[in-house]
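K.L.:
Next comes the structure file my_file25.cif, holding mmCIF, C-alpha atoms and all ligand atoms.
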data_my_file
#
loop_
_atom_site.label_atom_id
_atom_site.label_comp_id
_atom_site.auth_asym_id
_atom_site.auth_seq_id
_atom_site.Cartn_x
_atom_site.Cartn_y
_atom_site.Cartn_z
CA THR N 1 -117.12 -56.14 32.49
CA TYR N 2 -117.08 -54.74 35.97
CA LYS N 3 -115.73 -51.76 37.82
CA ARG N 4 -113.38 -52.14 40.79
CA VAL N 5 -112.73 -49.21 43.14
CA HIS N 6 -109.62 -48.24 45.09
CA ASN N 7 -110.68 -50.05 48.25
CA PHE N 8 -109.21 -48.70 51.51
CA ASN N 9 -111.75 -50.40 53.77
CA ALA N 10 -110.44 -51.40 57.21
CA GLY N 11 -112.13 -54.79 57.29
CA PRO N 12 -113.87 -56.54 55.74
CA SER N 13 -111.65 -55.25 53.01
CA ILE N 14 -110.23 -55.77 49.56
CA LEU N 15 -109.49 -59.31 48.36
CA PRO N 16 -107.14 -60.21 45.48
CA GLU N 17 -108.98 -60.05 42.19
CA PRO N 18 -107.66 -63.44 40.98
CA VAL N 19 -109.15 -65.00 44.13
CA LEU N 20 -112.58 -63.53 43.44
CA LEU N 21 -112.41 -64.62 39.81
CA GLN N 22 -111.49 -68.17 40.77
CA ALA N 23 -114.29 -68.29 43.32
CA GLN N 24 -116.65 -67.07 40.61
CA ALA N 25 -115.46 -69.70 38.16
CA GLU N 26 -115.90 -72.45 40.76
CA MET N 27 -119.19 -71.19 42.16
CA LEU N 28 -121.58 -73.60 40.44
CA ASP N 29 -119.30 -76.59 39.98
CA TYR N 30 -116.31 -76.93 42.27
CA GLN N 31 -113.79 -79.13 40.48
CA GLY N 32 -116.35 -81.40 38.85
CA THR N 33 -118.40 -82.01 42.00
CA GLY N 34 -121.46 -80.34 40.49
CA MET N 35 -121.84 -78.14 43.52
CA SER N 36 -120.47 -75.04 45.20
CA VAL N 37 -118.16 -75.31 48.21
CA MET N 38 -121.11 -73.77 50.11
CA GLU N 39 -123.20 -76.80 49.27
CA MET N 40 -120.86 -79.64 50.19
CA SER N 41 -120.46 -81.63 53.37
CA HIS N 42 -117.69 -80.50 55.69
CA ARG N 43 -116.94 -84.23 56.05
CA SER N 44 -116.50 -84.75 52.29
CA LYS N 45 -113.10 -85.61 50.87
CA GLU N 46 -113.23 -82.44 48.76
CA PHE N 47 -113.66 -80.19 51.78
CA GLU N 48 -111.10 -82.18 53.73
CA ALA N 49 -108.62 -81.39 50.95
CA ILE N 50 -109.59 -77.69 51.06
CA ILE N 51 -109.00 -77.31 54.81
CA GLN N 52 -105.86 -79.44 54.85
CA THR N 53 -104.34 -77.55 51.91
CA ALA N 54 -105.19 -74.21 53.54
CA GLU N 55 -103.44 -75.33 56.72
CA ALA N 56 -100.40 -76.65 54.83
CA ASP N 57 -100.06 -73.42 52.83
CA LEU N 58 -100.40 -71.32 55.97
CA ARG N 59 -97.72 -73.44 57.67
CA GLU N 60 -95.43 -72.99 54.70
CA LEU N 61 -95.96 -69.23 54.40
CA LEU N 62 -95.42 -68.52 58.09
CA GLY N 63 -92.94 -71.30 58.74
CA ILE N 64 -95.12 -72.62 61.56
CA PRO N 65 -93.12 -75.17 63.58
CA GLN N 66 -94.37 -78.74 63.96
CA ASN N 67 -95.24 -78.29 67.63
CA TYR N 68 -97.96 -75.77 66.82
CA LYS N 69 -101.62 -76.46 66.02
CA VAL N 70 -103.64 -74.39 63.57
CA MET N 71 -107.36 -73.80 64.05
CA PHE N 72 -110.01 -72.22 61.83
CA LEU N 73 -112.65 -70.94 64.24
CA GLN N 74 -115.75 -68.76 64.38
CA GLY N 75 -116.69 -65.88 66.67
CA GLY N 76 -114.13 -63.40 65.37
CA ALA N 77 -111.04 -62.10 67.07
CA SER N 78 -113.46 -60.71 69.66
CA LEU N 79 -114.28 -64.19 70.92
CA GLN N 80 -110.56 -64.93 71.23
CA PHE N 81 -110.23 -62.05 73.71
CA ALA N 82 -112.28 -64.14 76.16
CA MET N 83 -111.36 -67.59 74.97
CA LEU N 84 -107.62 -67.21 75.35
CA ALA N 85 -108.07 -65.98 78.91
CA MET N 86 -110.38 -68.88 79.75
CA ASN N 87 -108.02 -71.45 78.28
CA LEU N 88 -104.57 -70.16 79.16
CA ARG N 89 -104.96 -68.46 82.54
CA PRO N 90 -105.36 -71.03 85.32
CA ALA N 91 -107.61 -70.18 88.29
CA GLY N 92 -105.84 -67.72 90.57
CA ALA N 93 -103.18 -66.75 88.04
CA SER N 94 -102.74 -63.32 86.48
CA ALA N 95 -102.03 -62.26 82.90
CA ASP N 96 -100.04 -59.25 81.70
CA TYR N 97 -101.49 -56.89 79.07
CA ILE N 98 -99.78 -54.30 76.89
CA VAL N 99 -102.38 -51.72 75.86
CA THR N 100 -101.41 -49.78 72.74
CA GLY N 101 -104.82 -49.01 71.22
CA ALA N 102 -108.53 -49.70 71.12
CA TRP N 103 -108.19 -53.41 70.32
CA SER N 104 -105.72 -54.38 73.02
CA ARG N 105 -107.83 -52.32 75.45
CA THR N 106 -110.89 -54.38 74.48
CA ALA N 107 -108.91 -57.60 74.86
CA LEU N 108 -107.91 -56.47 78.35
CA LYS N 109 -111.50 -55.62 79.32
CA GLU N 110 -112.70 -59.08 78.32
CA ALA N 111 -109.93 -60.75 80.31
CA GLN N 112 -110.71 -58.55 83.34
CA LYS N 113 -114.26 -59.91 83.46
CA LEU N 114 -112.95 -63.43 83.80
CA GLY N 115 -109.98 -63.14 86.17
CA THR N 116 -106.89 -61.24 87.21
CA THR N 117 -104.90 -59.03 84.86
CA ARG N 118 -102.06 -56.56 85.16
CA VAL N 119 -101.56 -53.67 82.78
CA VAL N 120 -97.88 -53.44 81.92
CA PHE N 121 -98.21 -50.47 79.59
CA ASN N 122 -101.13 -48.23 78.72
CA GLY N 123 -100.74 -45.70 75.92
CA GLU N 124 -104.22 -44.25 76.37
CA GLY N 125 -102.98 -41.09 78.14
CA GLU N 126 -101.04 -40.27 74.97
CA ASN N 127 -103.99 -41.07 72.77
CA PHE N 128 -102.36 -44.32 71.64
CA THR N 129 -99.78 -42.63 69.45
CA ARG N 130 -96.79 -44.73 70.44
CA LEU N 131 -95.43 -48.12 71.44
CA PRO N 132 -93.72 -48.90 74.74
CA GLU N 133 -89.95 -48.68 75.06
CA PRO N 134 -88.45 -52.02 76.16
CA ALA N 135 -87.43 -50.46 79.51
CA GLU N 136 -91.07 -49.56 80.23
CA LEU N 137 -92.14 -53.17 80.17
CA GLN N 138 -91.73 -54.73 83.60
CA PHE N 139 -93.39 -58.11 83.28
CA ASP N 140 -94.65 -60.37 86.04
CA PRO N 141 -92.31 -63.40 85.85
CA ASN N 142 -95.25 -65.56 86.95
CA ALA N 143 -97.76 -64.17 84.44
CA ALA N 144 -99.92 -66.82 82.78
CA TYR N 145 -99.15 -65.03 79.51
CA VAL N 146 -98.35 -61.62 78.04
CA HIS N 147 -100.94 -60.27 75.60
CA PHE N 148 -100.33 -57.62 72.97
CA CYS N 149 -101.80 -56.46 69.67
CA HIS N 150 -99.27 -56.49 66.84
CA ASN N 151 -101.07 -53.82 64.83
CA GLU N 152 -103.74 -51.49 66.19
CA THR N 153 -106.20 -51.14 63.33
CA ILE N 154 -107.79 -47.95 64.65
CA HIS N 155 -104.76 -46.08 66.02
CA GLY N 156 -102.27 -47.28 63.40
CA VAL N 157 -99.41 -48.30 65.67
CA GLU N 158 -97.57 -51.50 64.81
CA PHE N 159 -94.87 -53.40 66.67
CA LYS N 160 -91.61 -53.76 64.74
CA SER N 161 -90.37 -56.61 66.93
CA GLU N 162 -91.88 -58.75 69.64
CA PRO N 163 -91.75 -57.56 73.24
CA VAL N 164 -89.13 -59.54 75.13
CA VAL N 165 -90.93 -61.47 77.86
CA PRO N 166 -89.55 -63.46 80.80
CA GLU N 167 -88.40 -67.00 80.05
CA GLY N 168 -91.31 -69.41 80.14
CA VAL N 169 -94.08 -66.80 79.87
CA PRO N 170 -96.03 -67.37 76.64
CA LEU N 171 -96.48 -64.41 74.33
CA VAL N 172 -100.07 -64.12 73.08
CA CYS N 173 -100.82 -61.87 70.14
CA ASP N 174 -103.77 -60.37 68.32
CA MET N 175 -102.39 -60.21 64.79
CA SER N 176 -105.75 -59.57 63.08
CA SER N 177 -104.85 -56.54 61.03
CA ASP N 178 -101.29 -57.28 59.94
CA PHE N 179 -101.47 -61.07 59.74
CA LEU N 180 -99.65 -62.31 56.60
CA SER N 181 -98.41 -58.80 55.76
CA GLN N 182 -94.81 -59.70 56.65
CA PRO N 183 -92.75 -62.64 57.91
CA VAL N 184 -93.21 -63.63 61.57
CA ASP N 185 -91.10 -65.82 63.82
CA VAL N 186 -93.93 -67.98 65.13
CA SER N 187 -91.60 -69.79 67.54
CA LYS N 188 -91.51 -66.64 69.70
CA TYR N 189 -95.23 -66.97 70.40
CA GLY N 190 -97.42 -69.17 72.54
CA LEU N 191 -100.53 -68.18 70.63
CA ILE N 192 -101.34 -66.01 67.62
CA TYR N 193 -104.89 -65.20 66.55
CA ALA N 194 -106.29 -63.23 63.66
CA GLY N 195 -109.71 -62.54 62.23
CA ALA N 196 -109.43 -63.30 58.52
CA GLN N 197 -111.31 -60.31 57.15
CA LYS N 198 -108.30 -58.07 56.51
CA ASN N 199 -105.44 -59.90 54.81
CA ALA N 200 -106.46 -63.53 54.95
CA GLY N 201 -109.98 -63.87 53.57
CA PRO N 202 -113.61 -63.01 54.22
CA ALA N 203 -115.25 -62.45 57.60
CA GLY N 204 -116.43 -65.57 59.38
CA VAL N 205 -113.20 -67.39 60.09
CA THR N 206 -110.61 -66.65 62.76
CA ILE N 207 -107.23 -68.31 62.58
CA VAL N 208 -105.61 -69.44 65.83
CA ILE N 209 -102.06 -70.81 66.01
CA ILE N 210 -101.18 -72.36 69.37
CA ARG N 211 -98.10 -74.07 70.77
CA GLU N 212 -99.15 -77.59 71.63
CA ASP N 213 -97.92 -77.68 75.21
CA LEU N 214 -100.34 -74.88 76.11
CA LEU N 215 -103.27 -77.18 75.42
CA ALA N 216 -102.47 -78.88 78.71
CA ARG N 217 -103.68 -75.71 80.45
CA VAL N 218 -107.24 -75.95 79.15
CA PRO N 219 -109.48 -76.38 82.21
CA GLU N 220 -111.82 -79.35 82.65
CA LYS N 221 -115.47 -78.83 81.79
CA MET N 222 -114.91 -76.11 79.24
CA PRO N 223 -117.87 -75.72 76.86
CA VAL N 224 -116.61 -77.56 73.78
CA MET N 225 -116.87 -74.63 71.40
CA LEU N 226 -114.57 -72.65 73.70
CA ASP N 227 -112.14 -75.49 74.31
CA TYR N 228 -108.85 -75.11 72.40
CA LYS N 229 -107.99 -78.75 73.10
CA VAL N 230 -111.15 -80.14 71.52
CA LEU N 231 -110.99 -77.73 68.60
CA ALA N 232 -107.29 -78.32 67.91
CA GLU N 233 -107.49 -82.08 68.21
CA SER N 234 -110.49 -82.29 65.87
CA GLY N 235 -108.65 -80.31 63.18
CA SER N 236 -111.28 -77.54 63.44
CA LEU N 237 -113.92 -80.14 62.57
CA HIS N 238 -115.59 -80.70 65.92
CA ASN N 239 -118.67 -79.09 64.38
CA THR N 240 -119.39 -77.43 61.04
CA PRO N 241 -116.61 -74.95 60.37
CA PRO N 242 -117.06 -71.78 58.26
CA CYS N 243 -116.44 -73.82 55.10
CA TYR N 244 -116.75 -71.14 52.45
CA ALA N 245 -114.62 -68.62 54.35
CA ILE N 246 -111.94 -71.30 54.77
CA TYR N 247 -112.08 -72.05 51.03
CA ILE N 248 -111.59 -68.36 50.12
CA THR N 249 -108.79 -68.08 52.68
CA GLY N 250 -107.17 -71.06 50.98
CA LEU N 251 -107.30 -69.24 47.64
CA VAL N 252 -105.74 -66.14 49.23
CA LEU N 253 -102.91 -68.28 50.64
CA LYS N 254 -102.24 -69.71 47.15
CA TRP N 255 -102.22 -66.15 45.78
CA LEU N 256 -99.66 -65.16 48.43
CA LYS N 257 -97.47 -68.14 47.61
CA ASN N 258 -97.56 -67.32 43.87
CA LEU N 259 -96.58 -63.77 44.65
CA GLY N 260 -93.43 -64.99 46.37
CA GLY N 261 -94.51 -65.37 49.99
CA LEU N 262 -94.35 -63.01 52.93
CA ASN N 263 -90.98 -61.40 52.20
CA ALA N 264 -92.22 -60.33 48.78
CA MET N 265 -95.54 -59.21 50.28
CA TYR N 266 -93.73 -57.16 52.91
CA GLU N 267 -91.71 -55.29 50.26
CA ILE N 268 -94.89 -54.32 48.44
CA ASN N 269 -96.61 -53.29 51.68
CA ARG N 270 -93.62 -51.16 52.65
CA GLU N 271 -93.62 -49.45 49.29
CA LYS N 272 -97.34 -48.62 49.54
CA SER N 273 -97.18 -47.33 53.10
CA GLU N 274 -94.01 -45.29 52.52
CA MET N 275 -95.74 -43.61 49.60
CA VAL N 276 -98.68 -42.52 51.76
CA TYR N 277 -96.57 -41.49 54.76
CA ARG N 278 -94.38 -39.43 52.46
CA ALA N 279 -97.47 -37.63 51.15
CA ILE N 280 -98.47 -36.88 54.76
CA ASP N 281 -95.00 -35.73 55.78
CA GLU N 282 -94.52 -33.57 52.71
CA SER N 283 -97.87 -31.82 53.06
CA GLY N 284 -96.46 -29.21 55.45
CA GLY N 285 -98.93 -30.16 58.19
CA TYR N 286 -101.98 -30.16 55.91
CA TYR N 287 -102.31 -33.89 56.65
CA ARG N 288 -101.23 -35.00 60.12
CA GLY N 289 -100.45 -38.63 60.87
CA HIS N 290 -101.79 -39.99 64.17
CA ALA N 291 -99.00 -42.37 65.15
CA ARG N 292 -95.46 -41.29 65.98
CA PRO N 293 -93.16 -42.03 63.03
CA GLU N 294 -91.32 -44.91 64.76
CA ALA N 295 -94.62 -46.66 65.58
CA ARG N 296 -96.26 -46.27 62.19
CA SER N 297 -98.25 -49.17 60.79
CA ILE N 298 -97.72 -50.43 57.27
CA MET N 299 -101.38 -51.50 57.14
CA ASN N 300 -103.57 -48.79 58.66
CA ILE N 301 -102.77 -45.10 58.36
CA PRO N 302 -105.02 -42.84 60.44
CA PHE N 303 -104.54 -39.14 59.77
CA ARG N 304 -106.25 -35.84 60.36
CA MET N 305 -106.86 -32.54 58.67
CA ALA N 306 -107.47 -29.07 60.10
CA SER N 307 -111.24 -29.48 60.57
CA GLU N 308 -113.97 -32.08 60.47
CA GLU N 309 -115.60 -30.16 57.63
CA LEU N 310 -112.46 -30.53 55.55
CA GLU N 311 -112.23 -34.23 56.44
CA ASP N 312 -115.84 -34.79 55.40
CA LEU N 313 -115.19 -33.01 52.12
CA PHE N 314 -112.09 -35.15 51.59
CA VAL N 315 -114.10 -38.35 52.06
CA LYS N 316 -116.85 -37.11 49.78
CA GLU N 317 -114.56 -36.04 46.95
CA ALA N 318 -112.42 -39.16 47.33
CA LYS N 319 -115.51 -41.29 46.89
CA LYS N 320 -116.31 -39.50 43.64
CA ALA N 321 -112.81 -40.44 42.46
CA ASP N 322 -113.50 -44.11 43.39
CA LEU N 323 -111.29 -43.98 46.50
CA ILE N 324 -113.46 -45.82 49.02
CA GLY N 325 -113.31 -46.46 52.77
CA LEU N 326 -111.19 -43.50 53.88
CA LYS N 327 -113.34 -42.35 56.79
CA GLY N 328 -111.66 -42.89 60.17
CA HIS N 329 -113.09 -45.27 62.75
CA ARG N 330 -116.21 -43.85 64.41
CA SER N 331 -114.43 -43.83 67.82
CA VAL N 332 -111.62 -41.48 66.73
CA GLY N 333 -112.87 -39.68 63.61
CA GLY N 334 -110.52 -38.26 61.02
CA LEU N 335 -109.36 -40.30 58.07
CA ARG N 336 -107.82 -43.72 57.71
CA ALA N 337 -106.28 -45.48 54.75
CA SER N 338 -106.00 -49.25 55.12
CA LEU N 339 -103.43 -50.67 52.74
CA TYR N 340 -103.94 -54.40 53.09
CA ASN N 341 -102.08 -57.02 51.05
CA ALA N 342 -104.59 -57.11 48.21
CA LEU N 343 -104.57 -53.34 47.67
CA PRO N 344 -102.62 -52.70 44.46
CA VAL N 345 -99.67 -50.29 44.48
CA ALA N 346 -101.61 -48.32 41.87
CA SER N 347 -104.36 -47.67 44.43
CA ALA N 348 -101.87 -46.28 46.95
CA ARG N 349 -100.52 -44.09 44.15
CA ALA N 350 -104.03 -42.92 43.27
CA LEU N 351 -104.58 -41.93 46.90
CA VAL N 352 -101.34 -39.98 47.05
CA GLU N 353 -102.21 -38.13 43.85
CA PHE N 354 -105.67 -37.38 45.16
CA MET N 355 -104.22 -36.05 48.45
CA LYS N 356 -101.90 -33.68 46.59
CA ASP N 357 -104.62 -32.54 44.26
CA PHE N 358 -107.06 -31.98 47.14
CA GLN N 359 -104.50 -29.90 49.00
CA GLN N 360 -103.89 -27.75 45.93
CA ARG N 361 -107.57 -27.12 45.46
CA HIS N 362 -108.51 -26.58 49.12
CA GLY N 363 -105.24 -25.87 50.92
N1 LIG N 401 -108.50 -57.08 66.83
C1 LIG N 401 -108.14 -56.24 65.85
C2 LIG N 401 -106.72 -55.77 65.78
C3 LIG N 401 -109.09 -55.82 64.91
O1 LIG N 401 -108.74 -54.98 63.93
C4 LIG N 401 -110.42 -56.30 65.00
C5 LIG N 401 -111.48 -55.91 64.02
N2 LIG N 401 -111.33 -54.78 63.31
C6 LIG N 401 -110.75 -57.14 66.07
C7 LIG N 401 -109.76 -57.53 66.94
C8 LIG N 401 -112.13 -57.67 66.23
O2 LIG N 401 -112.35 -58.59 65.24
P1 LIG N 401 -113.74 -59.30 64.97
O3 LIG N 401 -114.66 -58.25 64.43
O4 LIG N 401 -113.38 -60.35 64.00
O5 LIG N 401 -114.22 -59.85 66.27
#
For the file at hand, write its structure as structure tokens.

P.N.:
Amino acid sequence: TYKRVHNFNAGPSILPEPVLLQAQAEMLDYQGTGMSVMEMSHRSKEFEAIIQTAEADLRELLGIPQNYKVMFLQGGASLQFAMLAMNLRPAGASADYIVTGAWSRTALKEAQKLGTTRVVFNGEGENFTRLPEPAELQFDPNAAYVHFCHNETIHGVEFKSEPVVPEGVPLVCDMSSDFLSQPVDVSKYGLIYAGAQKNAGPAGVTIVIIREDLLARVPEKMPVMLDYKVLAESGSLHNTPPCYAIYITGLVLKWLKNLGGLNAMYEINREKSEMVYRAIDESGGYYRGHARPEARSIMNIPFRMASEELEDLFVKEAKKADLIGLKGHRSVGGLRASLYNALPVASARALVEFMKDFQQRHG
């Protein structure tokens, strides 16, 4: 027997219980090999099947078109901030950035170190509470790409549709914290990247989906581990990939498929997030959501209370009730509930009940 908590961690975060149980069952002897996936060659036929199945399932779930490559890389989404700029922005060219929160701001800063950028929108003056209106986005028609972050994990603002960019300018997206939470039209993107440690699997693997024609932009003499062309053409096997993280991601993808895919997942995510937003909105200002209603994320819900003392007490009492990971990011404070795919509806309900109870006792 074991105890599982209501896990609202922002990442690394909750994984589906059936995935953990299968990993446990296969730990000592993966499918009759007499070894764990951690102990096998990345060139073995068993691991080849693991990585190829993971890619096939990802392609099926997201409907990734044939002219896109999938990579399983290391270095986190943070390395992609630099890598995408190095690979996709030719010398002398400029890239457009939409800055809607801490993560897209960090992506911009990395790209600024390496070349020319233009900030098309910056929500920082409004404390990253909203998304740009379409009319606010005046793109450079010659931009090497347009970068945006689909869901800001810290500020809790999430795009509801892709920004419309000029014909021929590739759209590049950090999808780390809402990857696989809902269907996506991949064909609208030049490149999508996501650290796995929210919805897709454990930390240690970053998924990159790139339209093949963009590989022609990769400059000569790129260090191989930063070279999309080498990594894509080797099927993520230029060197030793993060084998175990890829295996767990593969199990998560199977779990998602069994559940009915991304449309079914989206319905569940909407239900969970609506429950929590309703609790905030019906609290009469006792809980205050950070993001404007039309920008609200279905994954990460940052909110505040009247004082830091009250927020600390909330976190402390929540922990006693097995509601874990509700402290806001250290850069903004307050509270944050992350409701990733694997979080059961019952956990969202437990949070809502706790919020109401806390307000009654301390409000
Ligand atoms: N982008 C987003 C949206 C994130 O949420 C995070 C991590 N929380 C990162 C990038 C950075 O990811 P990593 O730690 O994998 O580098």

K.L.:
Let me see if you get this right: every residue at most 9 Å from ligand LIG 401 (chain N), counting all atoms listed in the file, written as a PyMOL selection string.

P.N.:
chain N and resi 10-12+74-81+101-104+106-107+149-154+174-178+193-198+203-206

K.L.:
Name all residues at most 7 Å from Gly289 (chain N) (count all atoms listed in the file; drop same-chain ones fewer than 3 positions away) and give them as a PyMOL selection string.

P.N.:
chain N and resi 280+302-304

K.L.:
Contacts of Glu133 (chain N) at 12 Å or less, counting all atoms listed in the file, minus same-chain residues fewer than 5 places along, as number ranges by chain?

P.N.:
N: 98, 100, 120-123, 138, 159-164, 294-295

K.L.:
I need the residue nearest Leu58 (chain N) from this list: N:Ala111, N:Ala25, N:Met35, N:Leu256. Use all atoms listed in the file for the distance.

P.N.:
N:Leu256

K.L.:
For Gln66 (chain N), which residue among N:Asn127, N:Ser41, N:Ser273, N:Ser187 is the nearest when counting all atoms listed in the file?

P.N.:
N:Ser187

K.L.:
Excluding Ile192 (chain N) and its own-chain neighbours fewer than 4 positions away, which residues fall within 8 Å of it when counting only C-alpha atoms? Please give them as a PDB file with C-alpha atoms, in the coordinates of the input.

P.N.:
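The resulting file, part-v2.pdb, is reproduced below:
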ATOM      1  CA  VAL N 172    -100.070 -64.120  73.080  1.00  0.00           C
ATOM      2  CA  CYS N 173    -100.820 -61.870  70.140  1.00  0.00           C
ATOM      3  CA  ASP N 174    -103.770 -60.370  68.320  1.00  0.00           C
ATOM      4  CA  MET N 175    -102.390 -60.210  64.790  1.00  0.00           C
ATOM      5  CA  VAL N 208    -105.610 -69.440  65.830  1.00  0.00           C
ATOM      6  CA  ILE N 209    -102.060 -70.810  66.010  1.00  0.00           C
ATOM      7  CA  ILE N 210    -101.180 -72.360  69.370  1.00  0.00           C
TER       8      ILE N 210
END

K.L.:
Would you mind listing what lies within 8 Å of Asn263 (chain N) as an MDAnalysis selection string, with only C-alpha atoms counted and same-chain residues fewer than 3 positions away left out?

P.N.:
chainID N and resid 182:183 260 266:267

K.L.:
Between N:Ile51, N:Val184, N:Ile207, N:Val276, which has the minimum distance to Arg296 (chain N) (counting all atoms listed in the file)?

P.N.:
N:Val276

K.L.:
Could you check how far CA of Val146 (chain N) sits from CA of Leu171 (chain N), in Å to one decimal?

P.N.:
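A separation of 5.0 Å between them.
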
K.L.:
For each of N:Leu339, N:Val119, N:Met355, N:Ile301, take the minimum atom-to-atom distance to Phe314 (chain N), counting only C-alpha atoms, then give the residue where this is smallest.

P.N.:
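Closest candidate: N:Met355.
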
K.L.:
Suppose you want the space between CA of Val5 (chain N) and CA of Leu20 (chain N); what is it in Å?

P.N.:
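According to the coordinates, CA of Val5 (chain N) and CA of Leu20 (chain N) are separated by 14.3 Å.
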
K.L.:
Taking all atoms listed in the file into account, name the residue in N:Glu136, N:Glu271, N:Asp312, N:Asp322 that is nearest to Phe8 (chain N).

P.N.:
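Distance minimum relative to Phe8 (chain N) lands on N:Asp322.
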
K.L.:
For CA of Pro134 (chain N) and CA of Lys113 (chain N), quote the distance in Å rounded to one decimal.

P.N.:
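Answer for the CA of Pro134 (chain N) to CA of Lys113 (chain N) separation: 28.0 Å.
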
K.L.:
Within 12 Å of (-107.0, -63.9, 39.5) (coordinates as in the file), grab all the protein and nucleic acid residues, counting all atoms listed in the file, and write them out as a list in words.

P.N.:
Leu15, Pro16, Glu17, Pro18, Val19, Leu20, Leu21, Gln22, Ala23, Gln24, Ala25, Leu251, Val252, Lys254, Trp255, Leu256, Asn258, Leu259 and Ala342 of chain N

K.L.:
Which of these residues is nearest to Glu126 (chain N), using only C-alpha atoms: N:His155, N:Leu323, N:Glu311, N:Tyr145?

P.N.:
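Among the listed residues, N:His155 lies closest to Glu126 (chain N).
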
K.L.:
Counting only C-alpha atoms, what is within 10 Å of Leu62 (chain N), bar same-chain residues fewer than 5 positions away, as a list in words?

P.N.:
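Counting only C-alpha atoms, the residues come to Asp57, Phe179, Leu180, Gln182, Pro183, Val184, Asp185, Val186, Gly261 and Leu262 of chain N.
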
K.L.:
Residues within 12 Å of (-114.9, -76.3, 62.3), file coordinates, counting all atoms listed in the file: what are they? Give the list as a ChimeraX atom specification.

P.N.:
/N:41-43,47-48,51,70-75,204-207,224-226,228,230-246

K.L.:
Because some atoms of region 289-305 of chain N are absent here, can you restore N, CA and C atoms and send them as a PDB file, keeping the file's coordinate frame?

P.N.:
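Listed below is the output, selection16.pdb:
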ATOM      1  N   GLY N 289    -100.362 -37.229  60.492  1.00  0.00           N
ATOM      2  CA  GLY N 289    -100.450 -38.630  60.870  1.00  0.00           C
ATOM      3  C   GLY N 289    -100.726 -38.767  62.359  1.00  0.00           C
ATOM      4  N   HIS N 290    -101.482 -39.797  62.747  1.00  0.00           N
ATOM      5  CA  HIS N 290    -101.790 -39.990  64.170  1.00  0.00           C
ATOM      6  C   HIS N 290    -100.611 -40.584  64.932  1.00  0.00           C
ATOM      7  N   ALA N 291    -100.054 -41.654  64.420  1.00  0.00           N
ATOM      8  CA  ALA N 291     -99.000 -42.370  65.150  1.00  0.00           C
ATOM      9  C   ALA N 291     -97.660 -41.645  65.032  1.00  0.00           C
ATOM     10  N   ARG N 292     -96.844 -41.787  66.067  1.00  0.00           N
ATOM     11  CA  ARG N 292     -95.460 -41.290  65.980  1.00  0.00           C
ATOM     12  C   ARG N 292     -94.725 -42.071  64.893  1.00  0.00           C
ATOM     13  N   PRO N 293     -93.816 -41.383  64.183  1.00  0.00           N
ATOM     14  CA  PRO N 293     -93.160 -42.030  63.030  1.00  0.00           C
ATOM     15  C   PRO N 293     -92.593 -43.423  63.343  1.00  0.00           C
ATOM     16  N   GLU N 294     -91.962 -43.616  64.496  1.00  0.00           N
ATOM     17  CA  GLU N 294     -91.320 -44.910  64.760  1.00  0.00           C
ATOM     18  C   GLU N 294     -92.338 -46.026  65.056  1.00  0.00           C
ATOM     19  N   ALA N 295     -93.606 -45.650  65.278  1.00  0.00           N
ATOM     20  CA  ALA N 295     -94.620 -46.660  65.580  1.00  0.00           C
ATOM     21  C   ALA N 295     -95.555 -46.920  64.411  1.00  0.00           C
ATOM     22  N   ARG N 296     -95.315 -46.239  63.303  1.00  0.00           N
ATOM     23  CA  ARG N 296     -96.260 -46.270  62.190  1.00  0.00           C
ATOM     24  C   ARG N 296     -96.527 -47.661  61.623  1.00  0.00           C
ATOM     25  N   SER N 297     -97.793 -47.901  61.363  1.00  0.00           N
ATOM     26  CA  SER N 297     -98.250 -49.170  60.790  1.00  0.00           C
ATOM     27  C   SER N 297     -98.091 -49.170  59.277  1.00  0.00           C
ATOM     28  N   ILE N 298     -97.746 -50.324  58.726  1.00  0.00           N
ATOM     29  CA  ILE N 298     -97.720 -50.430  57.270  1.00  0.00           C
ATOM     30  C   ILE N 298     -99.097 -50.802  56.715  1.00  0.00           C
ATOM     31  N   MET N 299    -100.050 -51.075  57.601  1.00  0.00           N
ATOM     32  CA  MET N 299    -101.380 -51.500  57.140  1.00  0.00           C
ATOM     33  C   MET N 299    -102.437 -50.422  57.251  1.00  0.00           C
ATOM     34  N   ASN N 300    -102.501 -49.758  58.405  1.00  0.00           N
ATOM     35  CA  ASN N 300    -103.570 -48.790  58.660  1.00  0.00           C
ATOM     36  C   ASN N 300    -102.962 -47.440  58.978  1.00  0.00           C
ATOM     37  N   ILE N 301    -103.349 -46.443  58.216  1.00  0.00           N
ATOM     38  CA  ILE N 301    -102.770 -45.100  58.360  1.00  0.00           C
ATOM     39  C   ILE N 301    -103.854 -44.102  58.738  1.00  0.00           C
ATOM     40  N   PRO N 302    -104.058 -43.873  60.046  1.00  0.00           N
ATOM     41  CA  PRO N 302    -105.020 -42.840  60.440  1.00  0.00           C
ATOM     42  C   PRO N 302    -104.349 -41.471  60.360  1.00  0.00           C
ATOM     43  N   PHE N 303    -105.081 -40.494  59.832  1.00  0.00           N
ATOM     44  CA  PHE N 303    -104.540 -39.140  59.770  1.00  0.00           C
ATOM     45  C   PHE N 303    -105.669 -38.125  59.872  1.00  0.00           C
ATOM     46  N   ARG N 304    -105.262 -36.890  60.148  1.00  0.00           N
ATOM     47  CA  ARG N 304    -106.250 -35.840  60.360  1.00  0.00           C
ATOM     48  C   ARG N 304    -105.982 -34.652  59.458  1.00  0.00           C
ATOM     49  N   MET N 305    -107.006 -33.814  59.371  1.00  0.00           N
ATOM     50  CA  MET N 305    -106.860 -32.540  58.670  1.00  0.00           C
ATOM     51  C   MET N 305    -107.289 -31.443  59.643  1.00  0.00           C
TER      52      MET N 305
END
